[in-house]
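The next block holds one structure in the form of structure tokens; read it before the comments.
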Amino acid sequence: MDLRSILATDCGSTTTKAILIELVDGEYRLQVRGEAPTTVEAPFEDVTKGVLNAVGEVEELSGRKLLDGENILTPQNGDEGVDIYVSTSSAGGGLQMMVAGVVKSMTGESAERAALGAGSIVMDVLASNDGRMPHQKIQRIRQLRPDMILLSGGIDGGTTKHVVELAEILHAANPKPRLGKDYKLPVIYAGNNKAQGEIMKTLAEMTDLTIVNNIRPVLERENLTPSRDKIHDLFMEHVMQQAPGYKKLMSWTDAPIMPTPGAVGSLIEMIAKQENITVVGVDIGGATTDIFSVFQEQFNRTVSANLGMSYSVCNVLAEAGMENVLRWVQFDIDEIDLNNRIGNKMIRPTTVPQSMEELMMEQAIAREALRLSFIQHKAFAVNLKGIQKERTISDAFEQSESGLSLVNMIELDLLVGSGGVMSHAPRREQSARMLIDAFLPEGITQLAVDSIFMMPQLGVLANIDKEDLKEDARKAAVEVFEKDCLIRLGTCISPVGKIKPNMTVLTAEFVLPDGKSEHCIVKAGELLRIKVPYEPLKATLTPGRGLDIGAGKGEPIETTVFGGVVGLLLDGRGRPFMLPESKTERISSLQKWSTATNEYPNIHPG
């Protein structure tokens, strides 16, 4: 079948977004977008109400009939309806899991990686050696009430004692699911095949038990795919079914509903593979911040479940500390005032900043939420941990301590930001600054932002399995991602190494699109912007003494860089990056960088 039109929705924790994609002159393009508040909670308790409201807005904006009462019209007939309708969701708190493994730094971590990769939030990792007494583990399971539990442990054919003990703890806890009173909690067993009989005996009656291949069949290999796939299937069958209105929503869609983070992750993984680049992507939401990365062809995803911009905003303040949030605020503010404003945001999570001061504070908090989430991601995306990656026995035992992070910022090609605070920032310069200040890219890094937050919908589109739709759906996902989703902000050029006051950090020569040359000298502590559109530019970059731009200390580079809606940002603030200690100097520096990048032009005309 020819795919002429696609309707896709994403049900977030606060907002439901809908997009309409059409085939225009042989290529797929985004036509219109609508949004409405999510309606999974009281008083509506029916997620489809929000979906219909968002689709109703798309119908109004496009002038095309999409709804017949409470039905989405599929397939397209003349000018009415669409060929397919797909959806993702993280409403109702997303997929919340507990994982269990025999050794915390081995099977425990492998199970956590499998769960995170499938789009879940991992509430806790139980392990035989985690230092908790059995009664404490039982209490913890009862207290958390996860949607699903993944149990792993032992290599195939090895000792079964510890993993069977974990199963007995689960049995004693008799866990009840978070949603739905009348069904059994899904448990996936992905451990030692020799223990399968014992596990069946212990858990089959009490839980909805599924057995898949071992996550660690041998000590030096991880096999995460069967567990990831099963988590996704069970999420659809059980968890989604229990959330208010999902059964109805599932009956409307032409492909399984995907958890929002799983969809974003699969899109980033696909783009990295297709373009053969290293990527870091971030999705900062109201309740959580998800970070995705592809380094050395290995995909990793982490969820910072307590770092978000609305429901979790107080956690950001608690974890970062008042001082770290205040260091990004470029005016003098009282700590109590900041505390109260953050408290108001938590009480009314869907409010948006109403003044320039509030906007600056929100973006200061976002920098810290992103920075902390990225620290967690780097600690988790560790070398020697990829699927099918061989390792020695001693490596496996020391895995969490000895593994070097895969995240190497000087190798990073593309940094993509998404989520409300990024996609809906009043100016793209603000999105670029948040990305640079939080992630501190090194060397030469392209920056982009998801224009209107549609990566989840494109991710589910790229994963459609129906043979007659697969190719067109993937083509649509890639074309809309490249042409409508990604806003190319530009390139950040940041020399790495210790900088001394007044030193020349970078000398740069660019050949601009009109053939003219631009010569720049960047001094220590400066942040400069050159306005050039998204076009390739020839660049000769010479780092200062002892500094590295990607070719080694002091080594110049001749390369091609790209401009964008913000342009080239030459960052001479040093890596490691240090803000001035004194409040007056710090505020002065922040205002100087803000003026140079035209971040808040009404306050600092630039």
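Within each chain, counting starts at residue 1; across the structure tokens, chains are named A, B, ... in the order shown, with ligands numbered 1 upward in that order.
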Notebook entry, point to check: Quick one: residues within 6 Å of stretch 448-451 of chain A, only C-alpha atoms counted, chain neighbours fewer than 2 positions away excluded, as a PyMOL selection string?
Noted result: chain A and resi 416-418+423+453+485-489
I need the residues from that last selection saved to file as a tab-separated table (two decimals), in the first residue's frame (with N, CA and C atoms), if you can.
```tsv
chain	number	residue	atom	x	y	z
A	416	VAL	N	21.80	16.54	20.46
A	416	VAL	CA	20.40	16.90	20.15
A	416	VAL	C	19.61	17.08	21.44
A	417	GLY	N	18.93	18.21	21.56
A	417	GLY	CA	18.09	18.48	22.72
A	417	GLY	C	16.62	18.40	22.37
A	418	SER	N	15.80	17.85	23.28
A	418	SER	CA	14.35	17.88	23.06
A	418	SER	C	13.64	17.94	24.39
A	423	SER	N	12.62	22.57	23.28
A	423	SER	CA	11.91	22.78	22.01
A	423	SER	C	11.12	24.09	22.02
A	453	PHE	N	9.27	18.91	19.37
A	453	PHE	CA	9.19	17.68	20.13
A	453	PHE	C	8.33	16.63	19.43
A	485	CYS	N	11.98	18.03	11.75
A	485	CYS	CA	12.13	17.79	13.19
A	485	CYS	C	13.37	18.50	13.72
A	486	LEU	N	14.51	18.24	13.08
A	486	LEU	CA	15.77	18.80	13.58
A	486	LEU	C	15.93	20.25	13.18
A	487	ILE	N	16.11	21.10	14.15
A	487	ILE	CA	16.52	22.48	13.88
A	487	ILE	C	18.02	22.50	14.11
A	488	ARG	N	18.77	22.73	13.05
A	488	ARG	CA	20.24	22.77	13.18
A	488	ARG	C	20.65	24.10	13.79
A	489	LEU	N	21.12	24.05	15.01
A	489	LEU	CA	21.47	25.28	15.72
A	489	LEU	C	22.81	25.83	15.25
```
Next item on the list: Identify, with DSSP run on backbone atoms, the residues in stretch 17-153 of chain A assigned to strand (DSSP E), and express the list as a PyMOL selection string.
Entry: chain A and resi 17-24+27-37+67-68+71-72+84-89+95-101+120-127+148-151
Output file for the residues above (C-alpha atoms, as a CSV table (one decimal), in the first residue's frame):
```csv
chain,number,residue,atom,x,y,z
A,17,LYS,CA,0.9,16.0,21.0
A,18,ALA,CA,-0.4,15.1,17.6
A,19,ILE,CA,1.3,15.5,14.2
A,20,LEU,CA,0.0,15.1,10.6
A,21,ILE,CA,2.6,13.9,8.0
A,22,GLU,CA,1.7,13.8,4.3
A,23,LEU,CA,3.5,12.8,1.1
A,24,VAL,CA,4.0,16.0,-0.9
A,27,GLU,CA,8.7,13.4,0.0
A,28,TYR,CA,7.2,13.1,3.4
A,29,ARG,CA,6.7,16.4,5.3
A,30,LEU,CA,5.1,17.6,8.5
A,31,GLN,CA,1.9,19.5,7.7
A,32,VAL,CA,0.4,20.5,11.1
A,33,ARG,CA,0.7,19.9,14.8
A,34,GLY,CA,-1.8,20.1,17.6
A,35,GLU,CA,-1.7,19.6,21.4
A,36,ALA,CA,-4.0,19.3,24.3
A,37,PRO,CA,-3.6,18.5,28.1
A,67,LEU,CA,-12.6,12.4,13.2
A,68,ASP,CA,-16.0,10.8,13.0
A,71,ASN,CA,-13.3,7.5,15.8
A,72,ILE,CA,-10.1,8.4,13.9
A,84,ILE,CA,-2.3,5.0,9.4
A,85,TYR,CA,-2.5,6.2,13.0
A,86,VAL,CA,0.3,5.5,15.5
A,87,SER,CA,1.0,6.6,19.1
A,88,THR,CA,3.6,6.6,21.9
A,89,SER,CA,2.9,7.2,25.6
A,95,LEU,CA,6.7,2.0,32.6
A,96,GLN,CA,8.0,1.5,36.2
A,97,MET,CA,10.1,-1.6,36.8
A,98,MET,CA,12.2,-3.3,39.4
A,99,VAL,CA,15.1,-5.5,38.3
A,100,ALA,CA,16.9,-8.3,40.3
A,101,GLY,CA,20.2,-10.0,39.7
A,120,SER,CA,11.3,1.9,31.4
A,121,ILE,CA,12.1,3.7,34.7
A,122,VAL,CA,14.1,1.4,37.0
A,123,MET,CA,12.8,2.0,40.5
A,124,ASP,CA,15.4,-0.3,42.3
A,125,VAL,CA,17.9,-3.0,41.6
A,126,LEU,CA,17.8,-6.0,44.0
A,127,ALA,CA,20.8,-8.2,44.3
A,148,MET,CA,6.8,-5.4,36.1
A,149,ILE,CA,9.9,-7.2,37.5
A,150,LEU,CA,12.8,-8.5,35.6
A,151,LEU,CA,14.7,-11.3,37.4
```
Margin query: Need the shell around A:Gly515: protein/DNA/RNA residues with any atom at most 12 Å away, counting only C-alpha atoms. Skip same-chain ones fewer than 5 positions apart. Format as a ChimeraX atom specification?
Written below: /A:510,536-538
Margin query: Would you pick out the contacts of A:Ile521 at 12 Å or less, using only C-alpha atoms, so that residues sharing its chain but fewer than 2 positions from it are not included, and give the list as a PyMOL selection string?
Written below: chain A and resi 502-510+518-519+523-524+526-529+541-544+570-572
Got time to write the residues from that selection, N, CA and C atoms, as an mmCIF file, in the first residue's frame?
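Result written to result.cif:
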```
data_model
loop_
_atom_site.group_PDB
_atom_site.id
_atom_site.type_symbol
_atom_site.label_atom_id
_atom_site.label_comp_id
_atom_site.auth_asym_id
_atom_site.auth_seq_id
_atom_site.Cartn_x
_atom_site.Cartn_y
_atom_site.Cartn_z
ATOM 1 N N ASN A 502 43.869 35.575 30.089
ATOM 2 C CA ASN A 502 44.349 36.383 28.936
ATOM 3 C C ASN A 502 45.030 35.590 27.824
ATOM 4 N N MET A 503 45.144 34.253 27.960
ATOM 5 C CA MET A 503 45.809 33.515 26.883
ATOM 6 C C MET A 503 44.901 33.419 25.648
ATOM 7 N N THR A 504 45.505 33.222 24.476
ATOM 8 C CA THR A 504 44.732 32.978 23.249
ATOM 9 C C THR A 504 44.353 31.504 23.238
ATOM 10 N N VAL A 505 43.058 31.243 23.282
ATOM 11 C CA VAL A 505 42.566 29.867 23.383
ATOM 12 C C VAL A 505 42.419 29.246 21.994
ATOM 13 N N LEU A 506 42.031 30.083 21.012
ATOM 14 C CA LEU A 506 41.763 29.568 19.658
ATOM 15 C C LEU A 506 41.963 30.669 18.630
ATOM 16 N N THR A 507 42.622 30.293 17.537
ATOM 17 C CA THR A 507 42.678 31.174 16.361
ATOM 18 C C THR A 507 41.940 30.439 15.252
ATOM 19 N N ALA A 508 40.965 31.105 14.652
ATOM 20 C CA ALA A 508 40.124 30.419 13.666
ATOM 21 C C ALA A 508 39.972 31.251 12.404
ATOM 22 N N GLU A 509 39.976 30.531 11.274
ATOM 23 C CA GLU A 509 39.785 31.155 9.952
ATOM 24 C C GLU A 509 38.652 30.400 9.275
ATOM 25 N N PHE A 510 37.592 31.111 8.876
ATOM 26 C CA PHE A 510 36.456 30.472 8.200
ATOM 27 C C PHE A 510 36.253 31.094 6.818
ATOM 28 N N GLU A 518 36.567 34.971 7.424
ATOM 29 C CA GLU A 518 36.360 35.568 8.756
ATOM 30 C C GLU A 518 37.480 35.049 9.654
ATOM 31 N N HIS A 519 38.214 35.967 10.251
ATOM 32 C CA HIS A 519 39.343 35.599 11.110
ATOM 33 C C HIS A 519 38.964 35.921 12.554
ATOM 34 N N LYS A 523 39.915 34.686 23.194
ATOM 35 C CA LYS A 523 40.723 34.793 24.413
ATOM 36 C C LYS A 523 40.088 33.963 25.534
ATOM 37 N N ALA A 524 40.889 33.679 26.555
ATOM 38 C CA ALA A 524 40.403 32.901 27.710
ATOM 39 C C ALA A 524 39.145 33.534 28.290
ATOM 40 N N GLU A 526 36.218 33.833 26.898
ATOM 41 C CA GLU A 526 35.286 34.427 25.930
ATOM 42 C C GLU A 526 34.365 33.376 25.318
ATOM 43 N N LEU A 527 33.180 33.825 24.938
ATOM 44 C CA LEU A 527 32.253 33.005 24.165
ATOM 45 C C LEU A 527 31.815 33.876 22.996
ATOM 46 N N LEU A 528 32.201 33.497 21.771
ATOM 47 C CA LEU A 528 31.901 34.318 20.588
ATOM 48 C C LEU A 528 30.912 33.604 19.679
ATOM 49 N N ARG A 529 30.149 34.400 18.945
ATOM 50 C CA ARG A 529 29.186 33.838 17.999
ATOM 51 C C ARG A 529 29.413 34.442 16.614
ATOM 52 N N LEU A 541 41.444 25.711 12.208
ATOM 53 C CA LEU A 541 41.350 25.966 13.652
ATOM 54 C C LEU A 541 42.689 25.656 14.322
ATOM 55 N N THR A 542 43.227 26.634 15.022
ATOM 56 C CA THR A 542 44.499 26.427 15.718
ATOM 57 C C THR A 542 44.286 26.651 17.216
ATOM 58 N N PRO A 543 44.401 25.576 18.020
ATOM 59 C CA PRO A 543 44.199 25.750 19.469
ATOM 60 C C PRO A 543 45.406 26.434 20.093
ATOM 61 N N GLY A 544 45.169 27.054 21.257
ATOM 62 C CA GLY A 544 46.263 27.702 21.993
ATOM 63 C C GLY A 544 47.238 26.670 22.532
ATOM 64 N N LEU A 570 32.076 29.874 19.397
ATOM 65 C CA LEU A 570 33.473 29.593 19.731
ATOM 66 C C LEU A 570 33.613 29.772 21.245
ATOM 67 N N ASP A 571 33.848 28.650 21.935
ATOM 68 C CA ASP A 571 33.802 28.634 23.397
ATOM 69 C C ASP A 571 35.218 28.599 23.967
ATOM 70 N N GLY A 572 35.661 29.737 24.477
ATOM 71 C CA GLY A 572 37.009 29.823 25.055
ATOM 72 C C GLY A 572 36.982 29.810 26.569
#
```
Test item: residues at most 10 Å from stretch 155-162 of chain A, only C-alpha atoms, excluding those fewer than 3 positions along its chain, as a compact mmCIF listing (two decimals) with N, CA and C atoms, in the first residue's frame:
```txt
# COMPACT_ATOMS: atom_id res chain seq x y z
N GLY A 101 19.14 -9.17 40.21
CA GLY A 101 20.22 -10.01 39.68
C GLY A 101 21.04 -10.54 40.84
N VAL A 102 21.82 -11.57 40.61
CA VAL A 102 22.58 -12.17 41.70
C VAL A 102 23.69 -11.23 42.16
N VAL A 103 24.56 -10.79 41.23
CA VAL A 103 25.65 -9.87 41.59
C VAL A 103 25.28 -8.49 41.07
N THR A 107 24.98 -9.25 36.80
CA THR A 107 23.64 -9.50 36.26
C THR A 107 22.67 -8.40 36.64
N ALA A 127 19.75 -7.24 44.55
CA ALA A 127 20.81 -8.20 44.25
C ALA A 127 21.11 -8.99 45.52
N SER A 128 21.63 -10.21 45.31
CA SER A 128 21.97 -11.05 46.47
C SER A 128 23.01 -10.37 47.35
N ASN A 129 23.89 -9.56 46.71
CA ASN A 129 24.99 -8.95 47.46
C ASN A 129 24.79 -7.44 47.66
N SER A 152 16.99 -11.83 36.95
CA SER A 152 18.08 -12.48 36.22
C SER A 152 19.10 -12.98 37.23
N GLU A 165 16.88 -18.12 45.47
CA GLU A 165 16.61 -17.34 46.69
C GLU A 165 15.92 -16.01 46.37
N LEU A 166 16.37 -15.37 45.29
CA LEU A 166 15.73 -14.11 44.87
C LEU A 166 14.26 -14.35 44.51
N ALA A 167 14.01 -15.48 43.81
CA ALA A 167 12.62 -15.81 43.44
C ALA A 167 11.78 -16.04 44.70
N GLU A 168 12.37 -16.67 45.71
CA GLU A 168 11.63 -16.91 46.96
C GLU A 168 11.30 -15.60 47.68
N GLY A 191 17.42 -15.59 33.50
CA GLY A 191 18.64 -16.01 34.21
C GLY A 191 19.06 -17.41 33.79
N ASN A 192 19.83 -18.05 34.65
CA ASN A 192 20.39 -19.38 34.45
C ASN A 192 19.30 -20.37 33.99
N ASN A 193 19.52 -21.00 32.81
CA ASN A 193 18.49 -21.92 32.27
C ASN A 193 18.28 -23.15 33.16
N LYS A 194 19.30 -23.50 33.95
CA LYS A 194 19.21 -24.67 34.83
C LYS A 194 18.19 -24.44 35.97
N ALA A 195 17.93 -23.14 36.25
CA ALA A 195 17.03 -22.82 37.37
C ALA A 195 15.57 -22.64 36.92
N GLN A 196 15.31 -22.79 35.64
CA GLN A 196 13.96 -22.47 35.12
C GLN A 196 12.86 -23.26 35.84
N GLU A 198 12.80 -24.57 38.91
CA GLU A 198 12.61 -24.05 40.28
C GLU A 198 11.86 -22.71 40.26
N ILE A 199 12.23 -21.87 39.30
CA ILE A 199 11.59 -20.54 39.20
C ILE A 199 10.10 -20.71 38.88
N ASN A 213 15.52 -16.04 27.13
CA ASN A 213 16.94 -16.43 27.18
C ASN A 213 17.69 -15.60 28.21
N ASN A 214 18.73 -16.20 28.77
CA ASN A 214 19.55 -15.59 29.82
C ASN A 214 20.20 -14.28 29.33
N ILE A 215 20.13 -13.26 30.20
CA ILE A 215 20.80 -11.98 29.91
C ILE A 215 22.32 -12.15 29.88
N ARG A 216 22.85 -13.07 30.74
CA ARG A 216 24.29 -13.35 30.76
C ARG A 216 24.49 -14.85 30.60
N PRO A 217 24.35 -15.39 29.36
CA PRO A 217 24.47 -16.84 29.18
C PRO A 217 25.85 -17.37 29.60
N VAL A 218 26.88 -16.56 29.33
CA VAL A 218 28.23 -16.86 29.84
C VAL A 218 28.74 -15.56 30.47
N LEU A 219 29.77 -15.68 31.29
CA LEU A 219 30.22 -14.53 32.07
C LEU A 219 30.62 -13.34 31.20
N GLU A 220 31.23 -13.63 30.04
CA GLU A 220 31.80 -12.54 29.25
C GLU A 220 30.89 -12.04 28.13
N ARG A 221 29.61 -12.37 28.21
CA ARG A 221 28.72 -11.88 27.14
C ARG A 221 27.36 -11.45 27.68
```
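Taking only C-alpha atoms, the non-local environment of A:Gln363 within 10 Å (same-chain residues fewer than 2 positions away omitted) comprises Met309, Val325, Trp328, Val329, Glu357, Glu358, Leu359, Met360, Met361, Ile365, Ala366, Arg367, Glu368, Ala369, Val421, Met422, Ala425, Gln430, Ser431, Arg433 and Met434 of chain A.
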Using only C-alpha atoms, determine which residues lie at most 12 Å from A:Glu205, disregarding the query and same-chain residues fewer than 3 positions distant; provide the list as a compact mmCIF listing (two decimals) with N, CA and C atoms, in the first residue's frame.
```txt
# COMPACT_ATOMS: atom_id res chain seq x y z
N HIS A 171 8.39 -14.22 45.95
CA HIS A 171 7.20 -14.99 46.34
C HIS A 171 6.69 -14.52 47.70
N ASN A 174 4.91 -11.23 47.59
CA ASN A 174 3.60 -11.30 46.91
C ASN A 174 3.24 -9.93 46.30
N TYR A 183 -5.32 -8.40 38.06
CA TYR A 183 -4.41 -9.21 37.26
C TYR A 183 -3.10 -9.43 38.01
N LYS A 184 -2.38 -10.44 37.56
CA LYS A 184 -1.12 -10.79 38.23
C LYS A 184 0.01 -9.93 37.70
N LEU A 185 0.98 -9.70 38.57
CA LEU A 185 2.13 -8.88 38.18
C LEU A 185 3.00 -9.62 37.16
N PRO A 186 3.34 -8.99 36.03
CA PRO A 186 4.24 -9.65 35.07
C PRO A 186 5.67 -9.76 35.62
N VAL A 187 6.23 -10.96 35.57
CA VAL A 187 7.63 -11.18 35.95
C VAL A 187 8.32 -11.86 34.78
N ILE A 199 12.23 -21.87 39.30
CA ILE A 199 11.59 -20.54 39.20
C ILE A 199 10.10 -20.71 38.88
N MET A 200 9.81 -21.65 37.98
CA MET A 200 8.40 -21.93 37.61
C MET A 200 7.62 -22.35 38.86
N LYS A 201 8.23 -23.26 39.60
CA LYS A 201 7.58 -23.80 40.80
C LYS A 201 7.28 -22.69 41.81
N THR A 202 8.24 -21.75 41.94
CA THR A 202 8.12 -20.70 42.96
C THR A 202 7.15 -19.58 42.54
N ASP A 208 2.43 -13.48 36.71
CA ASP A 208 2.32 -13.82 35.29
C ASP A 208 3.75 -13.98 34.79
N LEU A 209 4.28 -15.19 34.88
CA LEU A 209 5.71 -15.45 34.63
C LEU A 209 5.98 -15.74 33.15
N THR A 210 7.02 -15.10 32.62
CA THR A 210 7.49 -15.37 31.26
C THR A 210 8.98 -15.70 31.35
```
Check: DSSP on the backbone: what in stretch 203-385 of chain A comes out helix (DSSP H, G or I), as a PyMOL selection string?
Finding: chain A and resi 203+225-242+246-252+260-275+313-320+322-326+335-347+356-380
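The closest residue to A:Glu222, picked from A:Glu112, A:Glu297, A:Asp254, A:Asp514 and counting only C-alpha atoms, is A:Glu112.
Of the listed residues A:Ile444, A:Glu411, A:Ala272, A:Leu461, the one whose atoms come nearest to A:Ser5 is A:Leu461, with distances taken using only C-alpha atoms.
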Next item on the list: Between atom CA of A:His377 and atom CA of A:Ser293, measure the distance and give it in Å to one decimal.
Entry: 8.7 Å
